[in-house]
Amino acid sequence: MSENNKTTSIEEMRFRLLIDAVVDYAIYMIDPEGVIISWNSGARRFKGYEEAEILGQHFSRFYTDEDRAAGMPRRALDTAIGEGRFEGEGWRVRKDGTHFWCHVVIDPVFSPAGQLLGFAKITRDLTDRKMAEETLKQSEQQFRLLVQGVTDYAIYMLSPEGRVSNWNQGAQRIKGYRPEEIIGQHFSIFYTPEDRELGEPQRALEIATRVGRFENESWRMRKDGTRFLAHVVVDAIRGETGTLLGFAKITRDVTEAHEAQQALETTREALFQAQKMQAIGQLSGGIAHDFNNLLTVILGNLEIVRKRIGEDPKISRLLENATQGALRGVSLTQRMLAFARRQELKTEPVDIPQLVQGITGLLRSSLGPTVNIETRFPADLEAVLADSNQLELAVLNLATNARDAMPEGGSVTLSAQPEIVLEQNHSLVKPGRYVCLSVSDTGEGMDEATLSSAMDPFFTTKGLGKGTGLGLSMVHGFIEQLGGRFILKSTKGEGTRADLWLPVASADARIEPLEQPAETSRVPRLSVLVVDDDSLVLTSTSLLLEDLGHRVITAASGAQALALIDQGEVVDLIITDMAMPHMSGAELAHAIRVLKPDLPIILATGYAERLEGFAAQLPRLAKPFTQLNLVEIIALSIK
């Protein structure tokens with residue numbers, strides 16, 4: 001063998017050994033018809049055939065049935081011949097029938113004379129990569145479906161410049177744009193004109209770029225121009241090298257939550273206000289009760305003194321001044337009781353136009369010539385259930401407040417209209433029929449801070465000594481006691497309107513005629529048991545009764561009064577305080593009625609209490625009372 005042939009043989013052997021040593025690639029030869037004529041260890045490793053099994057077989061056996069039916073093996077060889085190379089990826093079949101994904105290269109092999117000798121075929125198993133790609137693709141698809149399926153959040157991407165690059169269902173629902181309408185648009189379109197003017201869109205992207213994240217709550221615009229409160233998160237998205245790829249933006253419509261929170265805060269504020277007014281009302285009622293006792297003592301003693309000093313003009317003037325001062329105290333106490341909703345009310349059907357007409361003269365003289373008074377009442381306005389005297393006083397209070405708010409003059413309008421409330425949870429009043437009596441003016445009006453405190457007792461914007469601060473609180477308490485509602489509305493510089501919601505009187509309601517007191521001369525000398533836990537009131541009442549000629553027995557408690565009756569004390573009449581510790585006047589009256597069913601009982605009280613049973617039918621003596629009040633109530637009780 002020549003040296004050249006020997007060298008060639010050695011090189012071929014080395015090449016064959018090299019090819020056979022490759023285990024990551026299947027490298028083999030096929031003849032021009034596609035029959036396998038060589039086989040390396042890589043082909044044996046991942047196709048599963050031994051060399052003896054596969055040599056002489058057609059390479060198409062590695063293709064799937066579908067690819068063979070489609071002529072893929074022949075097409076691959078034709079492509080290699082026609083283009084000088086075939087390269088592609090696809091599924092192939094191992095000896096055991098399992099499939100694997102592979103990358104295939106087929107090169108035609110020609111002789112020096114240009115004759116086709118066959119094909120060199122290199123196959124690489126890419127199944128792991130394919131599975132990873134499929135898993136990633138599936139994951140991306142699932143993620144895309146997940147994002148697209150979210151309807152409560154707007155989730156979308158922005159380019160580094162802030163343009164929308166994709167759009168989910170939540171974004172379409174919340175913002176109103178379809179994908180084809182918004183993709184490619186700058187995201188600043190969602191901002192309000194004010195925020196765009198302030199550069200808020202750019203600021204959001206700048207912060208996200210600098211710190212990686214931007215988050216806030218602010219108003220945004222929908223496609224239809226309406227606004228919604230949005231919670232927004234913008235995250236910067238960067239590549240492996242740190243290059244900014246864009247931004248992920250998540251927006252949630254929190255308008256309902258915001259409105260619910262505001263409603264909750266409003267409810268809490270209303271509850272706080274109601275609790276505050278209730279606490280002040282209880283305090284006012286308690287103070288008024290004690291003050292009434294003091295006024296009862298003062299007025300009673302002044303009456304006794306007046307009778308005993310003779311006709312000295314100087315002393316009479318002093319007594320008259322003292323009496324007028326005490327009566328002012330009575331008026332103040334009545335206002336406090338009205339606010340506390342503890343005044344005695346005589347409710348009856350009241351015709352509002354007729355009531356206003358009756359006080360028109362008083363209104364004109366009180367408001368003065370610079371104030372124009374207008375009335376607007378429908379012809380068929382129903383009567384309301386109210387205390388006419390207290391309603392007159394309420395209207396006068398509101399009118400004089402309006403006058404004081406119009407130092408340069410203006411107009412006061414009194415109007416009314418029927419109202420029907422159907423909803424059980426109405427924010428104003430309980431369901432029913434009402435008449436809304438309004439007193440409005442063209443005065444200075446009030447700011448929000450003043451308006452919020454206007455109905456608080458003792459709050460006044462008038463100068464020192466020019467008002468008690470109880471006018472509006474008295475109206476508020478009076479209307480609430482009737483089962484209505486007092487609403488005050490005002491705008492600074494535009495005037496004030498006071499709405500009095502009054503319940504409509506029932507169709508069968510009628511005014512009961514007042515019973516005329518019996519003649520005082522017909523009242524005989526009586527043995528009167530006076531019961532009161534306040535020693536000053538007890539003494540004053542006793543002096544007034546004794547001055548009328550009655551015999552008086554006193555008791556400082558209900559238990560002491562029952563003990564006197566049990567001991568056989570002769571009693572023709574009992575006058576008992578209502579509010580006493582341990583045993584109230586109503587409880588005492590009930591115990592006495594069991595013992596002596598025919599014994600007349602009078603309840604003396606400084607404010608309206610809710611009584612039940614027979615106690616509600618007993619004569620009531622309102623504190624503070626005068627000697628004439630005593631004469632009238634006694635005559636009424638023993639007739």
# chains A, B, ... in the order shown; residues from 1 in each chain; ligands from 1
$ residues_around --residues "stretch 223-239 of chain A" --least-positions-apart "6" --cutoff "6 Å" --atoms "only C-alpha atoms" --output "ChimeraX atom specification"
/A:176,208-209,212-217,245-255
$ residues_around --residues "stretch 487-496 of chain A" --least-positions-apart "4" --cutoff "8 Å" --atoms "only C-alpha atoms" --output "ChimeraX atom specification"
/A:402,440-448,451,500
$ write_last_selection --atoms "C-alpha atoms" --output "short mmCIF file (atom, residue, chain, number, x, y, z; two decimals), in the first residue's frame"
data_model
loop_
_atom_site.label_atom_id
_atom_site.label_comp_id
_atom_site.auth_asym_id
_atom_site.auth_seq_id
_atom_site.Cartn_x
_atom_site.Cartn_y
_atom_site.Cartn_z
CA ALA A 402 -83.75 87.31 59.39
CA SER A 440 -86.29 82.63 53.95
CA ASP A 441 -84.43 85.92 53.78
CA THR A 442 -82.10 87.82 51.46
CA GLY A 443 -79.62 88.59 54.21
CA GLU A 444 -75.93 88.10 54.81
CA GLY A 445 -76.13 84.32 55.14
CA MET A 446 -73.73 82.12 57.11
CA ASP A 447 -70.54 80.29 56.32
CA GLU A 448 -70.28 76.54 56.94
CA LEU A 451 -74.17 77.18 60.09
CA LEU A 500 -89.96 73.53 59.53
#
$ residues_around --residues "A:Ala559" --least-positions-apart "5" --cutoff "12 Å" --atoms "only C-alpha atoms" --output "ChimeraX atom specification"
/A:531-533,564-566,580-585,587-589,591-592
$ write_last_selection --atoms "N, CA and C atoms" --output "CSV table (one decimal), in the first residue's frame"
chain,number,residue,atom,x,y,z
A,531,VAL,N,-96.2,68.0,98.5
A,531,VAL,CA,-95.0,67.1,98.5
A,531,VAL,C,-94.0,67.6,97.6
A,532,ASP,N,-92.8,67.9,98.1
A,532,ASP,CA,-91.7,68.3,97.2
A,532,ASP,C,-90.4,68.1,97.9
A,533,ASP,N,-89.4,67.6,97.2
A,533,ASP,CA,-88.1,67.3,97.8
A,533,ASP,C,-87.2,68.6,98.0
A,564,LEU,N,-97.9,59.8,106.2
A,564,LEU,CA,-98.9,60.8,106.8
A,564,LEU,C,-100.3,60.3,106.5
A,565,ILE,N,-100.6,59.8,105.3
A,565,ILE,CA,-101.9,59.3,104.9
A,565,ILE,C,-102.2,58.1,105.7
A,566,ASP,N,-101.2,57.2,105.9
A,566,ASP,CA,-101.4,56.0,106.6
A,566,ASP,C,-101.7,56.2,108.1
A,580,MET,N,-88.9,63.6,91.8
A,580,MET,CA,-88.4,63.4,93.1
A,580,MET,C,-87.6,62.1,93.2
A,581,PRO,N,-86.5,62.0,94.0
A,581,PRO,CA,-85.7,60.8,94.1
A,581,PRO,C,-86.5,59.7,94.8
A,582,HIS,N,-86.2,58.5,94.5
A,582,HIS,CA,-86.7,57.2,95.1
A,582,HIS,C,-88.2,57.0,94.7
A,583,MET,N,-89.0,58.0,94.7
A,583,MET,CA,-90.4,57.8,94.3
A,583,MET,C,-90.9,59.1,93.6
A,584,SER,N,-91.2,58.9,92.3
A,584,SER,CA,-91.6,60.1,91.5
A,584,SER,C,-93.1,60.5,91.9
A,585,GLY,N,-93.5,61.7,91.4
A,585,GLY,CA,-94.8,62.1,91.7
A,585,GLY,C,-95.9,61.2,91.1
A,587,GLU,N,-95.5,57.9,90.6
A,587,GLU,CA,-95.5,56.7,91.4
A,587,GLU,C,-96.3,56.9,92.7
A,588,LEU,N,-96.1,58.1,93.3
A,588,LEU,CA,-96.8,58.5,94.5
A,588,LEU,C,-98.3,58.6,94.3
A,589,ALA,N,-98.7,59.2,93.2
A,589,ALA,CA,-100.1,59.3,92.8
A,589,ALA,C,-100.7,57.9,92.6
A,591,ALA,N,-99.8,55.1,94.1
A,591,ALA,CA,-99.9,54.5,95.4
A,591,ALA,C,-101.1,55.1,96.2
A,592,ILE,N,-101.3,56.4,96.1
A,592,ILE,CA,-102.4,57.1,96.8
A,592,ILE,C,-103.7,56.7,96.2
$ select_by_dssp --residues "stretch 58-295 of chain A" --states "helix (DSSP H, G or I)" --output "PyMOL selection string"
chain A and resi 59-62+65-69+72-83+127-149+169-175+179-182+187-190+193-197+200-211+255-295
$ write_last_selection --atoms "C-alpha atoms" --output "mmCIF file, in the first residue's frame"
data_model
loop_
_atom_site.group_PDB
_atom_site.id
_atom_site.type_symbol
_atom_site.label_atom_id
_atom_site.label_comp_id
_atom_site.auth_asym_id
_atom_site.auth_seq_id
_atom_site.Cartn_x
_atom_site.Cartn_y
_atom_site.Cartn_z
ATOM 1 C CA PHE A 59 -34.813 7.470 6.958
ATOM 2 C CA SER A 60 -38.532 8.307 6.652
ATOM 3 C CA ARG A 61 -39.237 5.851 9.490
ATOM 4 C CA PHE A 62 -38.100 8.613 11.909
ATOM 5 C CA ASP A 65 -47.282 9.260 10.346
ATOM 6 C CA GLU A 66 -48.759 12.691 9.578
ATOM 7 C CA ASP A 67 -45.444 13.993 8.168
ATOM 8 C CA ARG A 68 -44.915 10.857 6.056
ATOM 9 C CA ALA A 69 -48.437 11.178 4.680
ATOM 10 C CA MET A 72 -42.156 15.621 4.304
ATOM 11 C CA PRO A 73 -39.153 13.183 3.920
ATOM 12 C CA ARG A 74 -39.055 13.466 0.114
ATOM 13 C CA ARG A 75 -39.560 17.244 0.290
ATOM 14 C CA ALA A 76 -36.593 17.597 2.656
ATOM 15 C CA LEU A 77 -34.295 15.715 0.197
ATOM 16 C CA ASP A 78 -35.588 17.683 -2.781
ATOM 17 C CA THR A 79 -34.972 20.938 -0.911
ATOM 18 C CA ALA A 80 -31.413 19.855 -0.084
ATOM 19 C CA ILE A 81 -30.744 19.045 -3.744
ATOM 20 C CA GLY A 82 -32.425 22.143 -5.092
ATOM 21 C CA GLU A 83 -31.091 24.665 -2.569
ATOM 22 C CA THR A 127 -37.002 18.242 23.280
ATOM 23 C CA ASP A 128 -35.999 19.877 26.578
ATOM 24 C CA ARG A 129 -35.795 23.292 24.960
ATOM 25 C CA LYS A 130 -39.086 22.718 23.171
ATOM 26 C CA MET A 131 -40.778 21.698 26.410
ATOM 27 C CA ALA A 132 -39.386 24.773 28.130
ATOM 28 C CA GLU A 133 -40.638 26.969 25.290
ATOM 29 C CA GLU A 134 -44.039 25.316 25.372
ATOM 30 C CA THR A 135 -44.215 25.733 29.140
ATOM 31 C CA LEU A 136 -43.216 29.379 28.819
ATOM 32 C CA LYS A 137 -45.685 29.892 25.999
ATOM 33 C CA GLN A 138 -48.451 28.230 27.986
ATOM 34 C CA SER A 139 -47.538 30.282 31.027
ATOM 35 C CA GLU A 140 -47.558 33.473 28.995
ATOM 36 C CA GLN A 141 -50.867 32.522 27.460
ATOM 37 C CA GLN A 142 -52.367 31.737 30.854
ATOM 38 C CA PHE A 143 -51.005 35.007 32.212
ATOM 39 C CA ARG A 144 -52.432 36.868 29.227
ATOM 40 C CA LEU A 145 -55.803 35.187 29.735
ATOM 41 C CA LEU A 146 -55.638 35.956 33.433
ATOM 42 C CA VAL A 147 -54.879 39.637 32.830
ATOM 43 C CA GLN A 148 -57.524 39.832 30.108
ATOM 44 C CA GLY A 149 -60.053 38.156 32.384
ATOM 45 C CA GLN A 169 -61.066 43.893 29.857
ATOM 46 C CA GLY A 170 -60.885 45.708 33.195
ATOM 47 C CA ALA A 171 -59.404 48.765 31.494
ATOM 48 C CA GLN A 172 -62.172 48.699 28.899
ATOM 49 C CA ARG A 173 -64.867 48.384 31.593
ATOM 50 C CA ILE A 174 -63.462 51.083 33.878
ATOM 51 C CA LYS A 175 -62.277 53.611 31.306
ATOM 52 C CA PRO A 179 -58.366 48.306 22.527
ATOM 53 C CA GLU A 180 -58.366 49.631 18.967
ATOM 54 C CA GLU A 181 -59.364 53.085 20.267
ATOM 55 C CA ILE A 182 -56.677 53.457 22.918
ATOM 56 C CA PHE A 187 -51.857 57.613 28.828
ATOM 57 C CA SER A 188 -52.256 61.279 29.847
ATOM 58 C CA ILE A 189 -55.646 61.099 28.093
ATOM 59 C CA PHE A 190 -56.989 59.556 31.299
ATOM 60 C CA PRO A 193 -57.396 68.774 32.413
ATOM 61 C CA GLU A 194 -56.225 70.287 35.710
ATOM 62 C CA ASP A 195 -53.775 67.430 36.365
ATOM 63 C CA ARG A 196 -52.478 67.530 32.803
ATOM 64 C CA GLU A 197 -51.897 71.254 33.229
ATOM 65 C CA GLU A 200 -49.027 64.966 36.718
ATOM 66 C CA PRO A 201 -48.667 62.292 33.972
ATOM 67 C CA GLN A 202 -44.995 63.148 33.433
ATOM 68 C CA ARG A 203 -44.381 63.306 37.172
ATOM 69 C CA ALA A 204 -45.814 59.781 37.609
ATOM 70 C CA LEU A 205 -43.469 58.313 34.978
ATOM 71 C CA GLU A 206 -40.489 60.251 36.330
ATOM 72 C CA ILE A 207 -41.028 58.913 39.855
ATOM 73 C CA ALA A 208 -41.569 55.356 38.574
ATOM 74 C CA THR A 209 -38.393 55.604 36.501
ATOM 75 C CA ARG A 210 -36.349 57.020 39.363
ATOM 76 C CA VAL A 211 -37.533 54.884 42.298
ATOM 77 C CA THR A 255 -65.141 55.769 43.669
ATOM 78 C CA GLU A 256 -67.727 53.607 45.438
ATOM 79 C CA ALA A 257 -65.387 52.912 48.338
ATOM 80 C CA HIS A 258 -64.593 56.630 48.553
ATOM 81 C CA GLU A 259 -68.289 57.544 48.529
ATOM 82 C CA ALA A 260 -69.033 54.850 51.116
ATOM 83 C CA GLN A 261 -66.278 56.239 53.329
ATOM 84 C CA GLN A 262 -67.649 59.739 52.924
ATOM 85 C CA ALA A 263 -71.156 58.490 53.753
ATOM 86 C CA LEU A 264 -69.765 56.736 56.816
ATOM 87 C CA GLU A 265 -68.002 59.908 57.917
ATOM 88 C CA THR A 266 -71.184 61.914 57.333
ATOM 89 C CA THR A 267 -73.159 59.384 59.366
ATOM 90 C CA ARG A 268 -70.576 59.492 62.135
ATOM 91 C CA GLU A 269 -70.684 63.280 62.125
ATOM 92 C CA ALA A 270 -74.490 63.210 62.232
ATOM 93 C CA LEU A 271 -74.386 60.698 65.083
ATOM 94 C CA PHE A 272 -71.853 62.828 66.936
ATOM 95 C CA GLN A 273 -74.008 65.908 66.380
ATOM 96 C CA ALA A 274 -77.124 64.059 67.565
ATOM 97 C CA GLN A 275 -75.316 62.775 70.652
ATOM 98 C CA LYS A 276 -73.962 66.252 71.341
ATOM 99 C CA MET A 277 -77.403 67.817 71.000
ATOM 100 C CA GLN A 278 -78.927 65.102 73.157
ATOM 101 C CA ALA A 279 -76.314 65.637 75.865
ATOM 102 C CA ILE A 280 -76.774 69.421 75.752
ATOM 103 C CA GLY A 281 -80.535 68.882 75.765
ATOM 104 C CA GLN A 282 -80.345 66.722 78.869
ATOM 105 C CA LEU A 283 -78.116 69.296 80.545
ATOM 106 C CA SER A 284 -80.442 72.145 79.517
ATOM 107 C CA GLY A 285 -83.474 70.225 80.713
ATOM 108 C CA GLY A 286 -81.870 69.535 84.073
ATOM 109 C CA ILE A 287 -80.791 73.160 84.488
ATOM 110 C CA ALA A 288 -84.246 74.384 83.462
ATOM 111 C CA HIS A 289 -85.896 72.054 85.987
ATOM 112 C CA ASP A 290 -83.787 73.382 88.845
ATOM 113 C CA PHE A 291 -84.179 76.944 87.590
ATOM 114 C CA ASN A 292 -87.959 76.515 87.517
ATOM 115 C CA ASN A 293 -87.883 75.513 91.164
ATOM 116 C CA LEU A 294 -85.919 78.676 91.983
ATOM 117 C CA LEU A 295 -88.306 80.829 89.953
#
$ residues_around --residues "stretch 543-549 of chain A" --least-positions-apart "6" --cutoff "7 Å" --atoms "only C-alpha atoms" --output "list in words"
Gly300, Ile304, Arg525 and Gln627 of chain A
$ select_by_dssp --residues "stretch 574-622 of chain A" --states "strand (DSSP E)" --output "PyMOL selection string"
chain A and resi 574-577+601-605+620-622
$ closest_residue --among "A:Phe377, A:Ala563, A:Pro349, A:Leu367" --to "A:Leu502" --atoms "only C-alpha atoms"
A:Pro349
$ closest_residue --among "A:Leu116, A:Val421, A:Leu299, A:Ile479" --to "A:Ser388" --atoms "only C-alpha atoms"
A:Ile479
$ closest_residue --among "A:Leu381, A:Ala498, A:Leu482, A:Ile602" --to "A:Ser438" --atoms "only C-alpha atoms"
A:Ala498
$ residues_around --residues "A:Gly483" --least-positions-apart "3" --cutoff "12 Å" --atoms "only C-alpha atoms" --output "MDAnalysis selection string"
chainID A and resid 341 347 384:386 428:434 476:480 486 500:505
$ write_last_selection --atoms "C-alpha atoms" --output "short mmCIF file (atom, residue, chain, number, x, y, z; two decimals), in the first residue's frame"
data_model
loop_
_atom_site.label_atom_id
_atom_site.label_comp_id
_atom_site.auth_asym_id
_atom_site.auth_seq_id
_atom_site.Cartn_x
_atom_site.Cartn_y
_atom_site.Cartn_z
CA ARG A 341 -87.98 68.95 74.12
CA THR A 347 -101.05 70.15 70.17
CA VAL A 384 -100.66 70.66 60.83
CA LEU A 385 -100.52 69.20 64.32
CA ALA A 386 -98.72 71.76 66.49
CA LEU A 428 -85.19 63.89 57.34
CA VAL A 429 -88.26 62.46 59.02
CA LYS A 430 -90.27 59.29 59.45
CA PRO A 431 -92.61 58.23 56.63
CA GLY A 432 -95.82 60.24 56.56
CA ARG A 433 -97.46 63.43 55.34
CA TYR A 434 -95.96 66.78 56.26
CA HIS A 476 -85.20 72.94 66.83
CA GLY A 477 -86.40 71.38 70.10
CA PHE A 478 -90.03 72.40 69.54
CA ILE A 479 -90.21 70.93 66.02
CA GLU A 480 -88.42 67.73 67.07
CA PHE A 486 -85.95 71.71 61.59
CA LEU A 500 -89.96 73.53 59.53
CA TRP A 501 -91.30 70.06 58.66
CA LEU A 502 -94.59 69.73 60.57
CA PRO A 503 -96.75 66.58 60.63
CA VAL A 504 -100.18 66.90 59.02
CA ALA A 505 -103.08 66.72 61.50
#
$ atom_distance --atom1 "atom CA of A:Leu472" --atom2 "atom CA of A:Leu393"
11.0 Å
$ closest_residue --among "A:Met474, A:Ile352, A:Ile420, A:Val109" --to "A:Ala394" --atoms "only C-alpha atoms"
A:Met474
$ atom_distance --atom1 "atom CA of A:Val93" --atom2 "atom CA of A:Gln57"
14.3 Å
$ decode --residues "stretch 290-307 of chain A" --atoms "N, CA and C atoms" --output "tab-separated table (two decimals), in the first residue's frame"
chain	number	residue	atom	x	y	z
A	290	ASP	N	-84.22	72.77	87.58
A	290	ASP	CA	-83.79	73.38	88.84
A	290	ASP	C	-84.08	74.88	88.84
A	291	PHE	N	-83.91	75.52	87.69
A	291	PHE	CA	-84.18	76.94	87.59
A	291	PHE	C	-85.67	77.23	87.81
A	292	ASN	N	-86.52	76.36	87.31
A	292	ASN	CA	-87.96	76.52	87.52
A	292	ASN	C	-88.31	76.47	88.99
A	293	ASN	N	-87.65	75.57	89.72
A	293	ASN	CA	-87.88	75.51	91.16
A	293	ASN	C	-87.50	76.84	91.83
A	294	LEU	N	-86.35	77.40	91.41
A	294	LEU	CA	-85.92	78.68	91.98
A	294	LEU	C	-86.90	79.79	91.63
A	295	LEU	N	-87.36	79.80	90.37
A	295	LEU	CA	-88.31	80.83	89.95
A	295	LEU	C	-89.64	80.67	90.66
A	296	THR	N	-90.05	79.46	90.94
A	296	THR	CA	-91.28	79.21	91.70
A	296	THR	C	-91.17	79.85	93.08
A	297	VAL	N	-90.01	79.67	93.71
A	297	VAL	CA	-89.79	80.24	95.05
A	297	VAL	C	-89.79	81.77	94.98
A	298	ILE	N	-89.05	82.31	93.97
A	298	ILE	CA	-88.92	83.78	93.87
A	298	ILE	C	-90.27	84.42	93.59
A	299	LEU	N	-90.98	83.91	92.59
A	299	LEU	CA	-92.27	84.52	92.24
A	299	LEU	C	-93.29	84.35	93.36
A	300	GLY	N	-93.29	83.19	93.99
A	300	GLY	CA	-94.23	82.96	95.10
A	300	GLY	C	-93.99	83.91	96.26
A	301	ASN	N	-92.72	84.07	96.63
A	301	ASN	CA	-92.40	84.96	97.75
A	301	ASN	C	-92.66	86.42	97.39
A	302	LEU	N	-92.40	86.78	96.13
A	302	LEU	CA	-92.69	88.14	95.72
A	302	LEU	C	-94.18	88.44	95.83
A	303	GLU	N	-95.04	87.48	95.50
A	303	GLU	CA	-96.48	87.67	95.62
A	303	GLU	C	-96.90	87.87	97.07
A	304	ILE	N	-96.31	87.06	97.96
A	304	ILE	CA	-96.64	87.18	99.39
A	304	ILE	C	-96.18	88.53	99.92
A	305	VAL	N	-94.97	88.91	99.56
A	305	VAL	CA	-94.43	90.21	100.02
A	305	VAL	C	-95.28	91.35	99.51
A	306	ARG	N	-95.69	91.30	98.23
A	306	ARG	CA	-96.49	92.36	97.64
A	306	ARG	C	-97.78	92.57	98.44
A	307	LYS	N	-98.38	91.46	98.88
A	307	LYS	CA	-99.64	91.56	99.63
A	307	LYS	C	-99.45	92.13	101.03
